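Engineer: Structure: entry.tsv, TSV, C-alpha atoms.
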chain	number	residue	atom	x	y	z
N	1	MET	CA	107.85	159.65	95.79
N	2	LYS	CA	109.35	160.46	92.43
N	3	THR	CA	113.10	160.61	92.30
N	4	LEU	CA	115.34	161.14	89.29
N	5	ILE	CA	114.30	160.94	85.65
N	6	VAL	CA	116.87	159.23	83.46
N	7	LEU	CA	117.72	161.28	80.37
N	8	SER	CA	120.37	160.61	77.76
N	9	ILE	CA	123.24	163.08	77.74
N	10	ALA	CA	122.35	164.11	74.20
N	11	THR	CA	118.70	164.79	75.07
N	12	ALA	CA	119.59	166.69	78.21
N	13	SER	CA	122.09	168.88	76.37
N	14	VAL	CA	119.47	169.88	73.80
N	15	ILE	CA	116.95	170.72	76.51
N	16	TRP	CA	119.31	172.75	78.65
N	17	ALA	CA	120.76	174.60	75.65
N	18	GLN	CA	117.53	176.58	75.80
N	19	ALA	CA	117.35	176.81	79.60
N	20	PRO	CA	117.45	180.10	81.50
N	21	ALA	CA	120.51	181.15	83.45
N	22	SER	CA	120.62	179.98	87.04
N	23	LYS	CA	120.05	182.38	89.92
N	24	SER	CA	120.09	182.21	93.70
N	25	VAL	CA	118.70	183.94	96.76
N	26	GLU	CA	119.43	183.54	100.45
N	27	VAL	CA	116.59	182.22	102.62
N	28	PHE	CA	117.18	181.73	106.35
N	29	GLY	CA	120.89	182.08	105.65
N	30	GLN	CA	120.84	179.28	103.07
N	31	ARG	CA	121.54	179.63	99.36
N	32	ILE	CA	118.54	178.58	97.29
N	33	HIS	CA	119.30	177.97	93.63
N	34	TYR	CA	116.58	178.45	91.03
N	35	LEU	CA	115.87	179.00	87.34
N	36	GLU	CA	113.71	181.84	86.07
N	37	ALA	CA	112.22	182.39	82.63
N	38	GLY	CA	109.37	184.07	80.77
N	39	SER	CA	106.82	186.70	81.70
N	40	GLY	CA	103.16	186.77	82.65
N	41	PRO	CA	101.34	185.10	85.56
N	42	THR	CA	103.78	183.50	87.98
N	43	VAL	CA	104.19	179.72	88.10
N	44	ILE	CA	106.47	177.87	90.54
N	45	LEU	CA	107.51	174.29	89.74
N	46	LEU	CA	108.27	172.12	92.80
N	47	HIS	CA	110.22	168.87	92.35
N	48	GLY	CA	109.86	165.67	94.33
N	49	LEU	CA	112.05	163.64	96.70
N	50	GLY	CA	115.62	163.10	95.51
N	51	ALA	CA	115.02	165.34	92.51
N	52	ASP	CA	115.84	168.94	91.59
N	53	ALA	CA	115.03	171.67	89.06
N	54	THR	CA	116.33	169.57	86.17
N	55	ASN	CA	113.26	167.34	86.45
N	56	TRP	CA	111.26	170.20	84.91
N	57	ALA	CA	113.67	170.66	81.98
N	58	MET	CA	111.12	169.62	79.38
N	59	ASN	CA	108.41	171.88	80.83
N	60	THR	CA	110.20	175.13	81.63
N	61	ALA	CA	110.77	176.49	78.12
N	62	VAL	CA	107.22	175.69	77.02
N	63	LEU	CA	105.62	177.29	80.08
N	64	ALA	CA	107.88	180.34	79.78
N	65	LYS	CA	106.13	181.26	76.52
N	66	SER	CA	103.07	182.28	78.54
N	67	TYR	CA	104.15	182.44	82.19
N	68	HIS	CA	106.80	183.83	84.50
N	69	VAL	CA	108.32	180.54	85.61
N	70	PHE	CA	110.42	179.90	88.72
N	71	VAL	CA	112.03	176.49	89.20
N	72	PRO	CA	113.79	176.21	92.57
N	73	ASP	CA	116.00	173.48	93.91
N	74	GLN	CA	114.20	173.10	97.22
N	75	VAL	CA	116.43	173.34	100.28
N	76	GLY	CA	118.48	170.18	100.74
N	77	PHE	CA	118.38	169.29	97.05
N	78	GLY	CA	120.13	170.11	93.78
N	79	GLU	CA	122.44	173.11	93.88
N	80	SER	CA	120.77	174.63	96.94
N	81	ASP	CA	122.41	174.46	100.35
N	82	LYS	CA	121.90	171.27	102.34
N	83	PRO	CA	121.90	172.10	106.06
N	84	MET	CA	121.95	169.06	108.35
N	85	ILE	CA	118.50	169.45	109.90
N	86	ASN	CA	115.50	167.17	110.43
N	87	TYR	CA	113.78	167.84	107.11
N	88	ARG	CA	109.99	167.68	106.88
N	89	VAL	CA	107.34	169.17	104.61
N	90	ALA	CA	106.88	172.08	107.02
N	91	THR	CA	110.54	172.92	106.36
N	92	LEU	CA	109.85	173.21	102.63
N	93	VAL	CA	106.78	175.38	103.33
N	94	ASP	CA	108.82	177.83	105.38
N	95	PHE	CA	111.56	178.00	102.74
N	96	LEU	CA	109.02	178.46	99.94
N	97	ASP	CA	107.49	181.36	101.85
N	98	GLY	CA	110.95	182.85	102.25
N	99	PHE	CA	111.56	182.32	98.52
N	100	TYR	CA	108.38	184.27	97.75
N	101	LYS	CA	109.61	187.16	99.89
N	102	LYS	CA	113.15	187.24	98.51
N	103	THR	CA	112.07	187.08	94.86
N	104	GLY	CA	109.16	189.53	95.27
N	105	ILE	CA	106.46	187.00	94.40
N	106	ALA	CA	103.05	188.04	95.74
N	107	LYS	CA	100.95	185.22	94.34
N	108	ALA	CA	101.65	182.19	92.15
N	109	THR	CA	100.32	178.99	90.70
N	110	LEU	CA	102.10	176.04	92.31
N	111	VAL	CA	102.84	172.93	90.26
N	112	GLY	CA	104.19	170.10	92.41
N	113	ASN	CA	105.32	166.55	91.72
N	114	SER	CA	105.14	163.99	94.54
N	115	LEU	CA	106.83	165.62	97.56
N	116	GLY	CA	106.53	168.90	95.65
N	117	GLY	CA	102.77	168.37	95.40
N	118	TRP	CA	102.61	167.76	99.13
N	119	THR	CA	104.54	171.00	99.63
N	120	ALA	CA	102.09	172.83	97.36
N	121	LEU	CA	99.14	171.53	99.38
N	122	ALA	CA	100.71	172.38	102.73
N	123	PHE	CA	101.78	175.83	101.51
N	124	THR	CA	98.29	176.58	100.22
N	125	LEU	CA	96.81	175.61	103.58
N	126	ALA	CA	99.32	177.82	105.42
N	127	HIS	CA	99.29	180.77	102.99
N	128	PRO	CA	96.04	180.71	100.98
N	129	ASP	CA	96.43	184.35	99.98
N	130	LYS	CA	99.66	183.57	98.11
N	131	VAL	CA	98.32	180.87	95.78
N	132	ASP	CA	96.30	181.36	92.58
N	133	ARG	CA	95.81	177.67	91.82
N	134	ILE	CA	97.61	174.38	92.24
N	135	VAL	CA	98.49	171.48	89.95
N	136	LEU	CA	99.30	168.18	91.67
N	137	VAL	CA	101.30	165.61	89.69
N	138	ASP	CA	101.34	162.21	91.45
N	139	SER	CA	101.20	164.16	94.70
N	140	ALA	CA	101.96	162.78	98.12
N	141	GLY	CA	100.43	164.19	101.31
N	142	TYR	CA	97.93	161.71	102.72
N	143	SER	CA	98.92	159.31	105.49
N	144	PHE	CA	99.21	155.63	104.65
N	145	GLU	CA	96.20	155.02	106.88
N	146	LYS	CA	94.12	157.50	104.89
N	147	THR	CA	94.94	155.80	101.59
N	148	GLY	CA	94.22	152.37	103.02
N	149	GLN	CA	97.78	151.14	102.52
N	150	PRO	CA	99.84	149.34	105.12
N	151	LYS	CA	102.66	151.46	106.48
N	152	PRO	CA	105.91	150.55	104.70
N	153	THR	CA	108.81	149.29	106.73
N	154	GLN	CA	111.94	151.37	107.24
N	155	ALA	CA	113.77	148.99	104.92
N	156	VAL	CA	111.29	149.49	102.10
N	157	MET	CA	111.35	153.27	102.48
N	158	ASP	CA	115.15	153.21	102.50
N	159	GLY	CA	114.87	151.78	99.00
N	160	LEU	CA	114.12	155.35	97.91
N	161	ASN	CA	117.64	156.31	99.01
N	162	PRO	CA	119.82	153.60	97.43
N	163	SER	CA	123.37	153.09	98.67
N	164	THR	CA	124.40	150.45	96.11
N	165	VAL	CA	124.17	149.92	92.36
N	166	ALA	CA	121.89	146.92	92.95
N	167	GLY	CA	119.59	149.01	95.13
N	168	THR	CA	119.55	151.70	92.47
N	169	LYS	CA	118.56	149.20	89.78
N	170	ALA	CA	115.76	147.88	91.99
N	171	LEU	CA	114.43	151.42	92.43
N	172	MET	CA	114.62	152.07	88.69
N	173	THR	CA	112.44	149.04	87.98
N	174	VAL	CA	109.77	150.69	90.12
N	175	ILE	CA	109.92	154.33	89.05
N	176	LEU	CA	110.44	153.81	85.31
N	177	ALA	CA	107.48	152.84	83.13
N	178	ASN	CA	109.92	151.53	80.52
N	179	LYS	CA	111.53	148.67	82.45
N	180	SER	CA	114.05	148.08	79.66
N	181	LEU	CA	115.88	151.22	80.85
N	182	ALA	CA	116.73	149.54	84.16
N	183	THR	CA	120.01	148.14	82.86
N	184	ASP	CA	123.24	147.64	84.80
N	185	GLN	CA	124.88	150.47	82.86
N	186	ASN	CA	122.03	152.92	83.50
N	187	ALA	CA	121.93	151.88	87.16
N	188	GLU	CA	125.62	152.74	87.52
N	189	GLN	CA	125.03	156.16	85.92
N	190	PHE	CA	121.92	156.72	88.02
N	191	PHE	CA	123.82	155.79	91.20
N	192	ALA	CA	126.70	158.13	90.29
N	193	ALA	CA	124.23	160.96	89.71
N	194	HIS	CA	122.55	160.22	93.05
N	195	LEU	CA	125.90	160.42	94.86
N	196	LYS	CA	126.89	163.60	93.03
N	197	LYS	CA	123.69	165.29	94.19
N	198	ASN	CA	124.80	164.69	97.78
N	199	ASP	CA	121.21	164.69	99.00
N	200	GLY	CA	121.23	161.30	100.72
N	201	TYR	CA	121.07	162.87	104.18
N	202	THR	CA	118.12	165.03	103.12
N	203	VAL	CA	116.23	162.07	101.65
N	204	GLU	CA	116.79	159.96	104.76
N	205	ARG	CA	115.46	162.69	107.04
N	206	PHE	CA	112.35	163.01	104.85
N	207	ILE	CA	111.84	159.24	104.96
N	208	GLU	CA	111.93	159.36	108.75
N	209	SER	CA	109.48	162.28	108.81
N	210	ILE	CA	107.09	160.43	106.50
N	211	LEU	CA	107.21	157.33	108.69
N	212	ARG	CA	106.46	159.52	111.73
N	213	GLY	CA	103.37	160.81	109.92
N	214	GLU	CA	104.37	164.46	110.11
N	215	ASP	CA	102.58	167.20	108.15
N	216	VAL	CA	100.01	164.95	106.48
N	217	VAL	CA	96.99	166.70	104.98
N	218	ASP	CA	94.34	164.21	106.17
N	219	GLY	CA	91.06	166.00	106.82
N	220	LYS	CA	92.44	169.41	105.81
N	221	LEU	CA	91.89	169.66	102.08
N	222	GLY	CA	88.36	171.01	102.41
N	223	ALA	CA	89.97	174.32	103.41
N	224	ILE	CA	91.60	174.71	99.99
N	225	GLN	CA	89.47	177.03	97.88
N	226	VAL	CA	91.72	177.64	94.86
N	227	PRO	CA	91.22	175.77	91.57
N	228	THR	CA	93.09	172.47	91.71
N	229	GLU	CA	94.08	170.06	88.95
N	230	ILE	CA	95.14	166.50	89.81
N	231	ILE	CA	97.31	164.49	87.42
N	232	TRP	CA	98.14	160.85	88.06
N	233	GLY	CA	100.38	158.63	85.94
N	234	ARG	CA	98.64	155.45	84.80
N	235	GLU	CA	101.97	153.58	84.76
N	236	ASP	CA	103.09	154.86	88.18
N	237	ALA	CA	103.84	151.73	90.20
N	238	LEU	CA	105.64	153.41	93.10
N	239	THR	CA	102.59	153.82	95.31
N	240	ARG	CA	101.69	150.15	94.91
N	241	TRP	CA	105.29	149.21	95.69
N	242	LEU	CA	105.31	151.19	98.94
N	243	GLY	CA	101.99	149.68	99.91
N	244	ALA	CA	103.13	146.12	99.31
N	245	SER	CA	105.50	145.93	102.27
Give the structure from the file, written as structure tokens.
Structural biologist:
Amino acid sequence: MKTLIVLSIATASVIWAQAPASKSVEVFGQRIHYLEAGSGPTVILLHGLGADATNWAMNTAVLAKSYHVFVPDQVGFGESDKPMINYRVATLVDFLDGFYKKTGIAKATLVGNSLGGWTALAFTLAHPDKVDRIVLVDSAGYSFEKTGQPKPTQAVMDGLNPSTVAGTKALMTVILANKSLATDQNAEQFFAAHLKKNDGYTVERFIESILRGEDVVDGKLGAIQVPTEIIWGREDALTRWLGAS
């Protein structure tokens, strides 16, 4: 699963100087924060595990030139409420459906990264009439058995939810293509950002759900009839790391 993307403060400030104002709606009694920009066909950007709407900072303004873009912090992440429930992909599907209803979206293209891609797949299977097309960026969704990988141990999966600076640095060496960024200083900043997000409980519940094999899409994708684009990062080592345990 993709987590945070490390950006310099200067770069981030330039990007977000052009960002749309934040908004929120209430879904199942929970505040869901999102960004909205542009006009045209609707596109919803779905972030991955441990991430939030800021991961799409470099995409939102560009897409908004041609599309009506919504970028939610999925429930349990970012600035959205974080109820203490047993999170699973089906939870995100229900909240995305509620988000559609509260924002008046009838149909949209879903762009999902990692856990967000899994959510896009599961949502399309559950609500095919509400999806124009999907774009999957390093998407999760298959079981470990389906991909031919050994099931990771709890300890390895917990590496996605670091509780120390050293654990954070170890995760950075996996998720960053440029290994030189995995410095002690960046690890401290990354760890501080992780704690500030306050999504550790959410991430841990998702890890447990993944290990239980809940909501996998094995054998179901033949039912998806909408145009689908699959993007995979050549330098993405995370999948190999999870499969090496």
Engineer: Rank nothing, just name the residue among N:Glu204, N:Gly159, N:Ala177, N:Phe77 nearest to Ala237 of chain N, using all atoms listed in the file.
Structural biologist: N:Ala177
Engineer: Mind checking which residues fall within 12 Å of Ser22 of chain N, counting all atoms listed in the file, ignoring those fewer than 6 positions away in the same chain, and posting them as a PDB file with C-alpha atoms, in the frame of the given file?
Structural biologist:
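Final output, saved to selection.pdb:
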ATOM      1  CA  TRP N  16     119.310 172.750  78.650  1.00  0.00           C
ATOM      2  CA  ILE N  32     118.540 178.580  97.290  1.00  0.00           C
ATOM      3  CA  HIS N  33     119.300 177.970  93.630  1.00  0.00           C
ATOM      4  CA  TYR N  34     116.580 178.450  91.030  1.00  0.00           C
ATOM      5  CA  LEU N  35     115.870 179.000  87.340  1.00  0.00           C
ATOM      6  CA  GLU N  36     113.710 181.840  86.070  1.00  0.00           C
ATOM      7  CA  ALA N  37     112.220 182.390  82.630  1.00  0.00           C
ATOM      8  CA  ALA N  53     115.030 171.670  89.060  1.00  0.00           C
ATOM      9  CA  THR N  54     116.330 169.570  86.170  1.00  0.00           C
ATOM     10  CA  PHE N  70     110.420 179.900  88.720  1.00  0.00           C
ATOM     11  CA  VAL N  71     112.030 176.490  89.200  1.00  0.00           C
ATOM     12  CA  PRO N  72     113.790 176.210  92.570  1.00  0.00           C
ATOM     13  CA  ASP N  73     116.000 173.480  93.910  1.00  0.00           C
ATOM     14  CA  GLY N  78     120.130 170.110  93.780  1.00  0.00           C
ATOM     15  CA  GLU N  79     122.440 173.110  93.880  1.00  0.00           C
ATOM     16  CA  SER N  80     120.770 174.630  96.940  1.00  0.00           C
TER      17      SER N  80
END
Engineer: Have a look at N:His194, N:His47, N:Lys23, N:Lys65 and name the one nearest to Ser139 of chain N; count only C-alpha atoms.
Structural biologist: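 Under the stated criterion, the closest residue is N:His47.
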Engineer: Between N:Thr109, N:Thr173, N:Ser209, N:Gln225, which one has atoms that come closest to Ser143 of chain N, using all atoms listed in the file?
Structural biologist: N:Ser209
Engineer: Under the rule that all atoms listed in the file are counted, which of N:Thr183, N:Asn86, N:Ser114, N:Thr202 is the nearest residue to Leu238 of chain N?
Structural biologist: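 That would be N:Ser114, the residue with the smallest distance to Leu238 of chain N.
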Engineer: Go through N:Leu63, N:Gln74, N:Arg205, N:Ala120 one by one, measure the shortest atom-to-atom distance of each to Leu160 of chain N using all atoms listed in the file, and give the residue with the smallest value.
Structural biologist: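 Ranked by minimum distance to Leu160 of chain N, first place goes to N:Arg205.
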